[in-house]
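Contents: one structure, followed by commentary.
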Amino acid sequence: ELEWPEACVVRGPDLLWGGDIRRFHPPAGKFDGVIGGPPCQAFSPLARLVRALGHEPKYGNMIPEYERVIAASAPRWFVMEEVPQAPMPAVEGYAVHSFVIDNARLCDGGGFGNPQMRKRRFSFGVLGAEPIDLRRWIVFAALELPDVGPTIASRDRGMVAEAGRHDTKARPVRGKNDSNPQPWEIRRATKARAVVAHELSGGVSEEKAAWQQRNGKSALAPGNTRKRTWEECCELQGLPTDFLSDAPFTKTGRFNALGNGVPLPMGRAIAKAVKRAVTPCA
C-alpha cells in the first residue's frame, strides 16, 4: 500500500448526510486535489426507461456544479467519476483526460479482474496545457475471472443493474394512458420491463438456460430470478460483509449507500495512480 501521510482528507456535502453541493462554496487555494462523482442518473442507460414513462431522472445534470467547485477551489488536480455515457468536465485552465475502465473485464482501457462488471468513466484534470493519461499509473490485472456478474445498483435494494449476460435493452413502455401513466402502471411496467433488480438464480440448470438463450426466451422468467443478499453485494463491492452494520441507515439506505459507491478495488487502484501521477518520484 502506498502511504500519503501528508494528505488531510476533507469530506464535502453528501445527500446521505443532508448536504447539498449547490450550497457548497469551498475556499480557493486550500486543496491540492478534488475527487467527486456527481449523480449519474441523467446519463445512465436506465434514464431511457424513466423518460419512456414520462418522467425525468430525479437529479439532472450536476456536472456543472462539480465544475463550479473545481473553479472555486482551484486545486492542482481533480478526478471525476461517472457512468461511461457522461460527458467530460470542462474547467478553464485545466487539461482533462477521460477514459472508461471495467472493474472486471480487460477492455475499454483495462480492468482489475474482480467478479463484478462495473464500467466507470474517470476524468483526470491537471492545471496546465497538457493532459495526463492516468492509465499510465494504473496497475491492471494480468488475467480476468472466467465468470463475472452484472453490477449492483443503488436502487431496488442494490441488486443487478446496468449490464451483464442478459438482455438489458430498455424498451418503450405503453400504458393505458401514455400521456399520464398512473402509479400502478409505472410499477407494473417497471417490474415487467426493467432488468435492474434480478439475476439468474442457482436453481436454473445449464440446459434450461441454454435452451432459453437459443430460443430467445427471457432469463427473467418466473422462477428463474432472485435478489442478491446484502452479503453478496458487499463482496461484489470488495467490502466486508458487516459493512455499515453500525451505520444509522435503514435497509434501503444501506443499499443506496453501497450501490452509489465505486468498488473498493477500483477506488484503490485510482487513488494509487493519482499519487504516482502527481508525485512521480513516489
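Labeling convention for the C-alpha cells: chains A, B, ... as they appear, residues from 1 per chain, ligands from 1 in order of appearance.
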Please build the interface table for segment 67-147 of chain A against segment 231-242 of chain A with a cut-off of 10 Å, listing for each qualifying residue the nearest atom pair and the distance in Å to one decimal; count only C-alpha atoms, order rows by chain and increasing number, and write it as JSON lines.
```
{"residue": "A:Asn103", "atom": "CA", "partner": "A:Gln237", "partner_atom": "CA", "distance": 9.7}
{"residue": "A:Asn114", "atom": "CA", "partner": "A:Leu236", "partner_atom": "CA", "distance": 7.9}
{"residue": "A:Pro115", "atom": "CA", "partner": "A:Leu236", "partner_atom": "CA", "distance": 6.4}
{"residue": "A:Gln116", "atom": "CA", "partner": "A:Leu236", "partner_atom": "CA", "distance": 5.6}
{"residue": "A:Met117", "atom": "CA", "partner": "A:Leu236", "partner_atom": "CA", "distance": 9.2}
{"residue": "A:Arg118", "atom": "CA", "partner": "A:Gln237", "partner_atom": "CA", "distance": 9.7}
```
Shell of 8 Å around Ile21 of chain A, only C-alpha atoms, local chain residues under 3 positions omitted, as a list in words: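 Contacts, in chain order: Gly12, Pro13, Asp14, Phe24 and Glu65 of chain A.
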Computed interatomic separation between atom CA of Asp133 of chain A and atom CA of Pro75 of chain A (Å):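 Taking atom CA of Asp133 of chain A as the start and atom CA of Pro75 of chain A as the end point, the length is 17.9 Å.
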Nearest-residue call for Phe243 of chain A, choices A:Arg214, A:Lys227, A:Leu264, A:Ala271, using only C-alpha atoms: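 Closest residue, counting only C-alpha atoms: A:Leu264.
Among A:Trp137, A:Tyr94, A:Phe43, A:Tyr59, the residue with the shortest atom-to-atom distance to Thr279 of chain A, counting only C-alpha atoms, is A:Trp137.
Shortest atom-to-atom contact with Ala47 of chain A among A:Val278, A:Leu134, A:Ile70, A:Val83: A:Val83, counting only C-alpha atoms.
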Test item: residues at most 6 Å from Gly111 of chain A, only C-alpha atoms, excluding those fewer than 5 positions along its chain, as a ChimeraX atom specification: /A:101-106,140
Within 8 Å of Arg76 of chain A using only C-alpha atoms, minus same-chain residues under 4 positions, as a list in words: Phe31, Asp32, Gly33, Val126 and Leu127 of chain A
Proximity to Lys58 of chain A - best of A:Ala42, A:Ala86, A:Val79, A:Ala71, only C-alpha atoms: A:Ala42
Gap from atom CA of Lys30 of chain A to atom CA of Glu81 of chain A - Å, one decimal: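 Spanning atom CA of Lys30 of chain A to atom CA of Glu81 of chain A is a straight-line distance of 21.8 Å.
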Who sits within 8 Å of Pro26 of chain A, only C-alpha atoms, same chain under 6 positions skipped, as a PyMOL selection string: chain A and resi 69+72-73
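Take the candidates A:Pro57, A:Cys8, A:Ala210, A:Gly18 and check each one against Pro45 of chain A using only C-alpha atoms; the shortest distance goes to A:Pro57.
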Which of A:Glu144, A:Glu130, A:Glu67, A:Glu82 sits closest to Gln41 of chain A [using only C-alpha atoms]: A:Glu82
All helix (DSSP H, G or I) positions in segment 46-165 of chain A, as a VMD selection string: chain A and resid 47 to 52 63 to 73 134 to 137 156 to 158
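Between atom CA of Gly253 of chain A and atom CA of Arg51 of chain A lies a distance of 24.6 Å.
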